[in-house]
Each structure stands twice: as C-alpha cells, then as structure tokens.
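With TSV, C-alpha atoms inside, this is model.tsv:
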```tsv
chain	number	residue	atom	x	y	z
A	12	MET	CA	-14.83	-23.93	-6.91
A	13	ARG	CA	-15.14	-26.17	-3.90
A	14	LYS	CA	-13.18	-24.05	-1.48
A	15	ALA	CA	-13.15	-20.36	-0.75
A	16	LYS	CA	-10.20	-18.33	-2.01
A	17	PRO	CA	-7.55	-17.97	0.67
A	18	LYS	CA	-7.32	-14.48	2.11
A	19	LYS	CA	-4.43	-12.27	1.00
A	20	ARG	CA	-2.01	-11.74	3.85
A	21	VAL	CA	-1.24	-8.23	4.94
A	22	ILE	CA	2.42	-7.41	4.36
A	23	LEU	CA	3.83	-4.68	6.55
A	24	PRO	CA	6.14	-2.07	4.96
A	25	ASP	CA	9.87	-2.31	5.59
A	26	PRO	CA	11.51	-0.21	8.33
A	27	ARG	CA	13.94	1.84	6.21
A	28	PHE	CA	11.94	2.89	3.13
A	29	ASN	CA	8.42	2.23	4.46
A	30	ASP	CA	7.63	0.34	1.23
A	31	LYS	CA	5.58	-2.86	0.91
A	32	LYS	CA	7.33	-3.88	-2.32
A	33	VAL	CA	10.65	-4.01	-0.45
A	34	SER	CA	9.08	-6.27	2.19
A	35	LYS	CA	7.79	-8.65	-0.49
A	36	PHE	CA	11.24	-8.76	-2.09
A	37	VAL	CA	12.92	-9.44	1.26
A	38	ASN	CA	10.40	-12.24	1.92
A	39	HIS	CA	11.40	-13.87	-1.39
A	40	LEU	CA	15.08	-13.40	-0.52
A	41	MET	CA	14.73	-14.95	2.95
A	42	TYR	CA	15.97	-18.43	3.85
A	43	ASP	CA	14.86	-20.36	6.97
A	44	GLY	CA	12.89	-17.44	8.44
A	45	LYS	CA	15.97	-15.24	8.75
A	46	LYS	CA	14.33	-11.97	7.81
A	47	ASN	CA	16.90	-9.73	9.52
A	48	THR	CA	19.68	-11.30	7.49
A	49	SER	CA	17.78	-10.79	4.26
A	50	TYR	CA	17.05	-7.16	5.16
A	51	GLU	CA	20.79	-6.65	5.77
A	52	ILE	CA	21.62	-8.21	2.39
A	53	PHE	CA	19.05	-6.05	0.59
A	54	TYR	CA	20.10	-2.79	2.24
A	55	LYS	CA	23.81	-3.52	1.65
A	56	ALA	CA	23.01	-4.25	-1.99
A	57	LEU	CA	21.17	-0.92	-2.35
A	58	ASP	CA	24.08	0.90	-0.68
A	59	ALA	CA	26.46	-0.75	-3.16
A	60	VAL	CA	24.20	0.25	-6.06
A	61	SER	CA	24.11	3.88	-4.91
A	62	ALA	CA	27.91	3.88	-4.48
A	63	LYS	CA	28.57	2.41	-7.93
A	64	MET	CA	25.94	4.45	-9.78
A	65	GLN	CA	26.63	7.93	-8.45
A	66	ASN	CA	26.20	9.48	-11.92
A	67	GLU	CA	22.48	8.54	-11.79
A	68	GLU	CA	20.34	11.23	-10.22
A	69	LYS	CA	17.85	8.62	-8.94
A	70	PRO	CA	18.13	7.14	-5.43
A	71	ALA	CA	19.01	3.44	-5.13
A	72	LEU	CA	15.40	2.45	-4.35
A	73	GLU	CA	14.20	4.02	-7.63
A	74	ILE	CA	16.97	2.22	-9.53
A	75	TRP	CA	15.84	-1.08	-7.95
A	76	LYS	CA	12.20	-0.41	-8.87
A	77	GLN	CA	13.18	0.46	-12.46
A	78	ALA	CA	15.28	-2.72	-12.63
A	79	LEU	CA	12.26	-4.76	-11.48
A	80	ASP	CA	10.09	-3.09	-14.13
A	81	ASN	CA	12.69	-3.91	-16.80
A	82	ILE	CA	12.62	-7.63	-15.99
A	83	THR	CA	8.85	-7.95	-15.46
A	84	PRO	CA	7.35	-10.25	-18.11
A	85	GLN	CA	3.99	-9.39	-19.70
A	86	VAL	CA	3.15	-12.86	-21.06
A	87	GLU	CA	4.13	-16.43	-20.25
A	88	VAL	CA	3.46	-19.81	-21.79
A	89	LYS	CA	1.45	-22.49	-20.01
A	90	SER	CA	1.31	-26.13	-21.09
A	91	ARG	CA	-2.15	-27.23	-22.15
A	92	ARG	CA	-3.02	-30.72	-23.27
A	93	ILE	CA	-5.49	-30.92	-26.12
A	94	GLY	CA	-6.32	-34.24	-27.78
A	95	GLY	CA	-3.09	-36.02	-26.93
A	96	ALA	CA	-0.86	-33.12	-27.95
A	97	THR	CA	0.65	-30.64	-25.51
A	98	PHE	CA	0.67	-27.03	-26.64
A	99	GLN	CA	2.51	-24.10	-25.14
A	100	VAL	CA	-0.30	-21.55	-24.87
A	101	PRO	CA	0.70	-17.91	-24.35
A	102	THR	CA	-1.27	-16.20	-21.57
A	103	GLU	CA	-1.09	-12.80	-19.95
A	104	ILE	CA	0.15	-12.69	-16.38
A	105	ARG	CA	-1.86	-11.29	-13.46
A	106	PRO	CA	-0.30	-8.13	-11.96
A	107	ASP	CA	0.53	-9.74	-8.59
A	108	ARG	CA	2.14	-12.71	-10.35
A	109	LYS	CA	4.15	-10.38	-12.62
A	110	GLU	CA	5.66	-8.75	-9.55
A	111	SER	CA	6.38	-12.09	-7.90
A	112	VAL	CA	7.95	-13.62	-11.03
A	113	SER	CA	10.22	-10.63	-11.58
A	114	MET	CA	11.40	-10.66	-7.94
A	115	LYS	CA	12.05	-14.40	-8.01
A	116	ASN	CA	13.98	-14.13	-11.29
A	117	LEU	CA	16.13	-11.28	-9.96
A	118	ILE	CA	17.00	-13.28	-6.83
A	119	LEU	CA	17.56	-16.53	-8.76
A	120	TYR	CA	20.03	-14.97	-11.18
A	121	ALA	CA	21.73	-13.02	-8.39
A	122	ARG	CA	22.30	-16.31	-6.52
A	123	LYS	CA	23.75	-17.95	-9.64
A	124	ARG	CA	26.21	-15.10	-10.16
A	125	GLY	CA	29.84	-15.28	-9.19
A	126	GLY	CA	30.80	-12.77	-6.53
A	127	LYS	CA	31.94	-12.21	-2.99
A	128	SER	CA	28.75	-11.90	-0.95
A	129	MET	CA	25.06	-12.17	-1.73
A	130	ALA	CA	24.76	-8.38	-1.32
A	131	ASP	CA	27.41	-7.84	-4.02
A	132	LYS	CA	25.79	-10.36	-6.35
A	133	LEU	CA	22.36	-8.80	-5.83
A	134	ALA	CA	23.74	-5.30	-6.42
A	135	ALA	CA	25.38	-6.44	-9.67
A	136	GLU	CA	22.17	-8.10	-10.87
A	137	ILE	CA	20.11	-4.99	-10.00
A	138	MET	CA	22.51	-2.79	-12.00
A	139	ASP	CA	22.42	-5.20	-14.94
A	140	ALA	CA	18.62	-5.32	-14.89
A	141	TYR	CA	18.52	-1.51	-14.71
A	142	ASN	CA	20.71	-1.40	-17.85
A	143	ASN	CA	18.54	-4.00	-19.64
A	144	GLN	CA	21.06	-6.83	-19.48
A	145	GLY	CA	21.94	-9.76	-17.24
A	146	GLY	CA	20.35	-13.13	-16.58
A	147	ALA	CA	16.98	-11.95	-15.29
A	148	TYR	CA	16.47	-9.64	-18.29
A	149	LYS	CA	17.44	-12.46	-20.66
A	150	ARG	CA	14.88	-14.72	-18.93
A	151	LYS	CA	12.14	-12.15	-19.59
A	152	GLU	CA	13.18	-11.85	-23.24
A	153	ASP	CA	13.11	-15.65	-23.59
A	154	MET	CA	9.62	-15.81	-22.08
A	155	HIS	CA	8.39	-13.18	-24.55
A	156	ARG	CA	10.09	-14.97	-27.46
A	157	MET	CA	8.43	-18.28	-26.49
A	158	ALA	CA	5.03	-16.59	-26.28
A	159	GLU	CA	5.56	-14.94	-29.67
A	160	ALA	CA	6.61	-18.23	-31.26
A	161	ASN	CA	3.50	-19.96	-29.92
A	162	ARG	CA	1.07	-17.15	-30.73
A	163	ALA	CA	-0.74	-19.49	-33.13
A	164	PHE	CA	-2.05	-21.44	-30.10
A	165	ALA	CA	-3.45	-18.37	-28.34
A	166	HIS	CA	-7.00	-19.44	-29.15
A	167	PHE	CA	-6.56	-22.40	-26.75
A	168	ARG	CA	-6.45	-19.95	-23.85
A	169	PHE	CA	-8.44	-21.05	-20.81
```

For this file, produce the structure as structure tokens.
Amino acid sequence: MRKAKPKKRVILPDPRFNDKKVSKFVNHLMYDGKKNTSYEIFYKALDAVSAKMQNEEKPALEIWKQALDNITPQVEVKSRRIGGATFQVPTEIRPDRKESVSMKNLILYARKRGGKSMADKLAAEIMDAYNNQGGAYKRKEDMHRMAEANRAFAHFRF
C-alpha cells in the first residue's frame, strides 16, 4: 500500500445510555451535522418501542441491539471481473462493516416507511427487525440468498 491506513476516530459514548454503539447509530442517522436532532429522534423512537412492547421484559436499548443483530448480514457479494466476465463473489464481512451495514439498512428502511415522524418510523422498523420481519430483515435475507446462489464462485475470493 502506498499510504498509511487512516486512524480510527474515537467515538464518545452517548449521554443517556453511555453506549458507543448508540453514538455510531446516531451519527449514521444525522443529516447536516444536526446531532441533537438525531439524538432526539433516536430517544423518542426508543421511548415508543418501550411503550408499544411492554410485554417484553427487556429494556428498549436491548430490544434495539437485538434488532440490529437480527438484521446484521454475515456475507455479501462483491463484483469481481475475471477474463471479461463479471462474477458476484461471496465474501465474509468484517465485524466493523457488519455493524455499519446493519445500522445503515435499518435507517434506510425506516426512512422509506410511511408514518408520522421519523421517530415513529424508526420505532416501527426496530420492532419489525426485532420480530425478524420488515425491510431491513428482508435485505439481509436477500444478501444471504445472493451469496448462497453464487457460492460456486467463492474460489475467486481476493
């Protein structure tokens, strides 16, 4: 490699739960540097989740973490060009990328949802992901299905 790897930035934990994962999620959720707004959206979404899922003995933060785990893909396909043909080669995902992909998918499908506010849409998507359904979960299943279908090209891994 010509250049040195860029240093990983230190992410400070969030004020309410003192959790770095929450801070990363809020950073993905943020638009135009409005971090306070995205914290408000996230906390309102968690409050809505805890209100709607009172029969669960877990706190809302645990439900959110379980939802993220449910939509975290293990493998993905990458395009690789070999001799004029392009193959979809299944590759395992690095742990930090797994986390990032799952967060981005959850936010993407929450934004696409119909609903009143972003907090409501995010709460609905979190509950769906927790129950192994919804757009983000379907995206993970599709990624796994693509990787399984292209398993024959796994030997082209780089």

| field | Minimum-distance residue to Arg156 in chain A, chosen among A:Ile93, A:Val86, A:Leu133, A:Ala71 (using only C-alpha atoms) | value |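 For Arg156 in chain A, the nearest of the candidates is A:Val86.
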
| said: Give me the residues near range 27-30 of chain A as a list in words, where near means some atom within 9 Å (using only C-alpha atoms) and where sequence neighbours in that chain fewer than 3 positions away do not count. | reply: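 Non-adjacent residues within range: Leu23, Pro24, Val33, Ser34, Tyr54 and Leu72 of chain A.
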
| What separation in Å, quoted to one decimal, exists between CA of Glu87 in chain A and CA of Ser113 in chain A? |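 Atom-to-atom, CA of Glu87 in chain A to CA of Ser113 in chain A, that is 12.1 Å.
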
| query | Of the candidates A:Asn38, A:Thr83, A:Gln77, A:Ser49, which shows the shortest atom-to-atom distance to Glu110 in chain A, using all atoms listed in the file? | reply |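 Going through A:Asn38, A:Thr83, A:Gln77, A:Ser49 one by one, the smallest distance to Glu110 in chain A is for A:Thr83.
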
| task | Could you check which of A:His166, A:His155, A:Tyr141, A:Val88 is closest to Glu67 in chain A, using all atoms listed in the file? | result |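 Once distances to Glu67 in chain A are computed over all atoms listed in the file, the minimum belongs to A:Tyr141.
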
| query | Which residue out of A:Val112, A:Ala56, A:Ala163, A:Val100 has the minimum interatomic distance to Ile137 in chain A when all atoms listed in the file are used? | reply | A:Ala56

| field | Spatial neighbours of Pro70 in chain A, 10 Å, all atoms listed in the file, chain gap at least 5 places, as a list in words | value |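 In the requested form, the answer reads Leu57, Asp58, Val60, Ser61, Met64, Gln65 and Trp75 of chain A.
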
Next, write the just-selected residues to a file, as a compact mmCIF listing (two decimals), keeping the file's coordinate frame, keeping C-alpha atoms as the atom set.
```txt
# COMPACT_ATOMS: atom_id res chain seq x y z
CA LEU A 57 21.17 -0.92 -2.35
CA ASP A 58 24.08 0.90 -0.68
CA VAL A 60 24.20 0.25 -6.06
CA SER A 61 24.11 3.88 -4.91
CA MET A 64 25.94 4.45 -9.78
CA GLN A 65 26.63 7.93 -8.45
CA TRP A 75 15.84 -1.08 -7.95
```

| CA of Lys115 in chain A to CA of Met138 in chain A, distance in Å rounded to a single decimal |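 Atom-to-atom, CA of Lys115 in chain A to CA of Met138 in chain A, that is 16.1 Å.
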
| Selected residue of minimal separation from Gly145 in chain A among A:Lys132, A:Lys46, A:Arg20, A:Arg13, counting all atoms listed in the file |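 With all atoms listed in the file as the atom set, the closest residue is A:Lys132.
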
| request: Write out as a VMD selection string the residues lying within 12 Å of range 107-109 of chain A, counting all atoms listed in the file and excluding same-chain residues fewer than 4 positions away. | output: chain A and resid 19 32 35 79 to 87 102 to 103 113 to 116 151

| Pick the closest to Met41 in chain A from A:Phe167, A:Phe53, A:Tyr120, A:Tyr148: which is it, counting all atoms listed in the file? |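 For Met41 in chain A, the nearest of the candidates is A:Phe53.
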
| In Å to one decimal, how far is CA of Lys76 in chain A from CA of Val21 in chain A? |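 It comes out at 20.8 Å.
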
Any idea what's packed within 12 Å of Ser128 in chain A, counting all atoms listed in the file, ignoring anything in its chain fewer than 2 positions away? Could you give it as a PDB file with C-alpha atoms, in the frame of the given file?
```pdb
ATOM      1  CA  GLU A  51      20.790  -6.650   5.770  1.00  0.00           C
ATOM      2  CA  ILE A  52      21.620  -8.210   2.390  1.00  0.00           C
ATOM      3  CA  PHE A  53      19.050  -6.050   0.590  1.00  0.00           C
ATOM      4  CA  LYS A  55      23.810  -3.520   1.650  1.00  0.00           C
ATOM      5  CA  ALA A  56      23.010  -4.250  -1.990  1.00  0.00           C
ATOM      6  CA  ALA A  59      26.460  -0.750  -3.160  1.00  0.00           C
ATOM      7  CA  ALA A 121      21.730 -13.020  -8.390  1.00  0.00           C
ATOM      8  CA  ARG A 122      22.300 -16.310  -6.520  1.00  0.00           C
ATOM      9  CA  LYS A 123      23.750 -17.950  -9.640  1.00  0.00           C
ATOM     10  CA  ARG A 124      26.210 -15.100 -10.160  1.00  0.00           C
ATOM     11  CA  GLY A 125      29.840 -15.280  -9.190  1.00  0.00           C
ATOM     12  CA  GLY A 126      30.800 -12.770  -6.530  1.00  0.00           C
ATOM     13  CA  ALA A 130      24.760  -8.380  -1.320  1.00  0.00           C
ATOM     14  CA  ASP A 131      27.410  -7.840  -4.020  1.00  0.00           C
ATOM     15  CA  LYS A 132      25.790 -10.360  -6.350  1.00  0.00           C
ATOM     16  CA  LEU A 133      22.360  -8.800  -5.830  1.00  0.00           C
ATOM     17  CA  ALA A 134      23.740  -5.300  -6.420  1.00  0.00           C
ATOM     18  CA  ALA A 135      25.380  -6.440  -9.670  1.00  0.00           C
TER      19      ALA A 135
END
```

4 Å per side around range 89-100 of chain A: axis-aligned box centre and edge lengths, as lines of an AutoDock Vina configuration file:
```
center_x = -1.9
center_y = -28.8
center_z = -24.0
size_x = 16.8
size_y = 22.5
size_z = 15.9
```
